[in-house]
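The structure under discussion appears below in the form of structure tokens.
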Amino acid sequence: MSGLSTEWAASTPVTTAPFPRHLVSADRLTRAHVETLFEQAEALRHAPRAETAQRWRGAVMGSLFYEPSTRTRMSFEAAALRLGLHVVGAENAREHSSAKKGERLSDTLRVVSSYVDLLVVRHHEDDALEAAAACSRVPVVSAGTGSGEHPTQALLDVYTLQREFGHVDGLRVSLFGDLRYGRTVHSLVRLLTKFRGVEVCMLAPAGLELPETLVREVRAAGITLWAADSLTEALADADVVYQTRVQAERLPADQRPTAGPVRIGPAELAQLPAHARILHPLPRVDELDPAIDTDPRAAYFRQVENGLFLRMAVLDRMLTETFGEGGMV
């Protein structure tokens, strides 16, 4: 493998603790890990593309998606290609892989990991991936698990906050929408515990509040977390609004709310501080009015772009932990 330039390599920080072998939960990361990934993402954003394309030339990424995806799958695969990796895998693995025949996820990973150098997996069960990853010969990166976690989404969310504000410490974040089944929120609040003085306000439909076990977990980790009584209260003094859709596909029909608590449009925007930012993991349904897309506070499309470089950084780091700075041999 051809290495990156001396200038690029010198800009890449080194943490004192090794990264987790598998990235399946945000709580496996330290603040140093997170900041290292942010610096790597910035370096990759500005490095010449012809140079990054040589970074992992000849390596292979396996992509297994048991649930539908647009942004996560395409950004991981684009990130891999920009780093010079080849990509193999299944877009609808639940139907178009041996899972259809009843194969265990652990067996699938044991087999597929003998073909590739790294695996990116989205799975429909909350906890299956963490146990199955132990059977893999190569690093496994979660691309989202049921209503459990989505660690790289949280990383790109916090990376967006870092780029928009220049810091994450001390931010007040208002979470709207489905907090019970929204895996992006679960990973986000865990990752925010790595920063100082963060305050989290919640506004969710009845029955879709943040799980109580997670509330206790993040409070014990030092986050100030509370439920707002109204939209006005949740918007007032917010630095960040993190809007999510209701995860209708995870709810029985008789439990689906007829509407979320908030649809952010021009009227709601008028209540939001001028310095604030609106994030959304996407896809949106009707909880964000397209009329606000051009407002500078609407950061969700910048958030999507940030995801490409953050995921490049994740792949690069996981491969570096496996093969070393010298790359493939």
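Starting from 1 in every chain, residues are counted up; chains themselves are A, B, ... following the order of the structure tokens, and ligands are numbered from 1 as listed.
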TODO: Write out as a VMD selection string the residues lying within 12 Å of Pro290 in chain A, counting only C-alpha atoms and excluding same-chain residues fewer than 2 positions away.
DONE: chain A and resid 263 to 266 284 to 288 292 to 295 298 300 to 301
TODO: Could you give me, as a ChimeraX atom specification, each residue of range 108-189 of chain A that DSSP assigns to helix (DSSP H, G or I) when run on this structure's backbone?
DONE: /A:108-112,128-133,151-165,183-189
Distance query range 45-47 of chain A at most 8 Å, only C-alpha atoms, self and fewer than 3 positions along chain excluded, as a PDB file with C-alpha atoms, in the first residue's frame:
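Listed below is the output, around13.pdb:
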ATOM      1  CA  TRP A   8      -1.171  14.144   6.306  1.00  0.00           C
ATOM      2  CA  ALA A  41     -12.090  13.152   9.561  1.00  0.00           C
ATOM      3  CA  GLU A  42     -10.816  16.707   9.121  1.00  0.00           C
ATOM      4  CA  GLU A  51      -3.818  10.313  -2.212  1.00  0.00           C
ATOM      5  CA  THR A  52      -6.568   8.923   0.020  1.00  0.00           C
ATOM      6  CA  PHE A 309     -15.656  11.909   6.284  1.00  0.00           C
TER       7      PHE A 309
END
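Summary of the local environment: counting only C-alpha atoms, residues at most 8 Å from Glu125 in chain A, other than itself and those fewer than 3 positions away along its chain, are Ala128, Leu129, Thr145, Gly146, Ser147 and Gly148 of chain A.
Residues surrounding Gly197 in chain A within 8 Å are Asp169, Gly170, Leu171, Ile223 and Thr224 of chain A [only C-alpha atoms; sequence separation below 3 positions excluded].
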Could you please take those selected residues and save C-alpha atoms as a PDB file, in the first residue's frame?
ATOM      1  CA  ASP A 169     -18.742  20.937  26.139  1.00  0.00           C
ATOM      2  CA  GLY A 170     -21.526  22.952  27.714  1.00  0.00           C
ATOM      3  CA  LEU A 171     -24.078  22.629  24.913  1.00  0.00           C
ATOM      4  CA  ILE A 223     -25.395  14.531  32.056  1.00  0.00           C
ATOM      5  CA  THR A 224     -28.136  16.886  33.204  1.00  0.00           C
TER       6      THR A 224
END
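For Ser63 in chain A, the list of residues within 10 Å, based on only C-alpha atoms and with local chain neighbours fewer than 4 positions off taken out, reads A:Arg73, A:Phe76, A:Glu77, A:Val87, A:Val88, A:Gly89, A:Ala90, A:Glu91, A:Ala93, A:Val112, A:Val116, A:Leu118, A:Leu119, A:Val120, A:Val121, A:Arg122, A:Val141, A:Ala143.
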May I have the selected residues written with C-alpha atoms, as an mmCIF file, in the first residue's frame?
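Writing the result to selection14.cif gives the following:
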data_model
loop_
_atom_site.group_PDB
_atom_site.id
_atom_site.type_symbol
_atom_site.label_atom_id
_atom_site.label_comp_id
_atom_site.auth_asym_id
_atom_site.auth_seq_id
_atom_site.Cartn_x
_atom_site.Cartn_y
_atom_site.Cartn_z
ATOM 1 C CA ARG A 73 -24.995 2.185 3.517
ATOM 2 C CA PHE A 76 -19.957 3.665 4.297
ATOM 3 C CA GLU A 77 -19.492 2.269 0.809
ATOM 4 C CA VAL A 87 -16.715 -3.431 -1.326
ATOM 5 C CA VAL A 88 -18.635 -6.719 -1.365
ATOM 6 C CA GLY A 89 -21.840 -7.597 0.396
ATOM 7 C CA ALA A 90 -25.623 -7.775 0.506
ATOM 8 C CA GLU A 91 -27.954 -4.787 0.505
ATOM 9 C CA ALA A 93 -29.288 -9.507 3.681
ATOM 10 C CA VAL A 112 -17.844 -13.683 5.687
ATOM 11 C CA VAL A 116 -12.805 -9.510 3.903
ATOM 12 C CA LEU A 118 -13.457 -5.376 7.822
ATOM 13 C CA LEU A 119 -17.224 -5.765 8.173
ATOM 14 C CA VAL A 120 -19.975 -3.144 8.345
ATOM 15 C CA VAL A 121 -23.264 -4.638 9.544
ATOM 16 C CA ARG A 122 -26.790 -3.328 10.075
ATOM 17 C CA VAL A 141 -18.556 -1.806 12.695
ATOM 18 C CA ALA A 143 -24.357 0.406 11.022
#
Open item on the list: When you look at Ala234 in chain A with a cut-off of 9 Å (counting only C-alpha atoms), what residues show up, excluding the ones that are within fewer than 6 positions of it in the same chain? I need them as a VMD selection string.
Closed with: chain A and resid 174 to 176 201 to 203 227 to 228 241
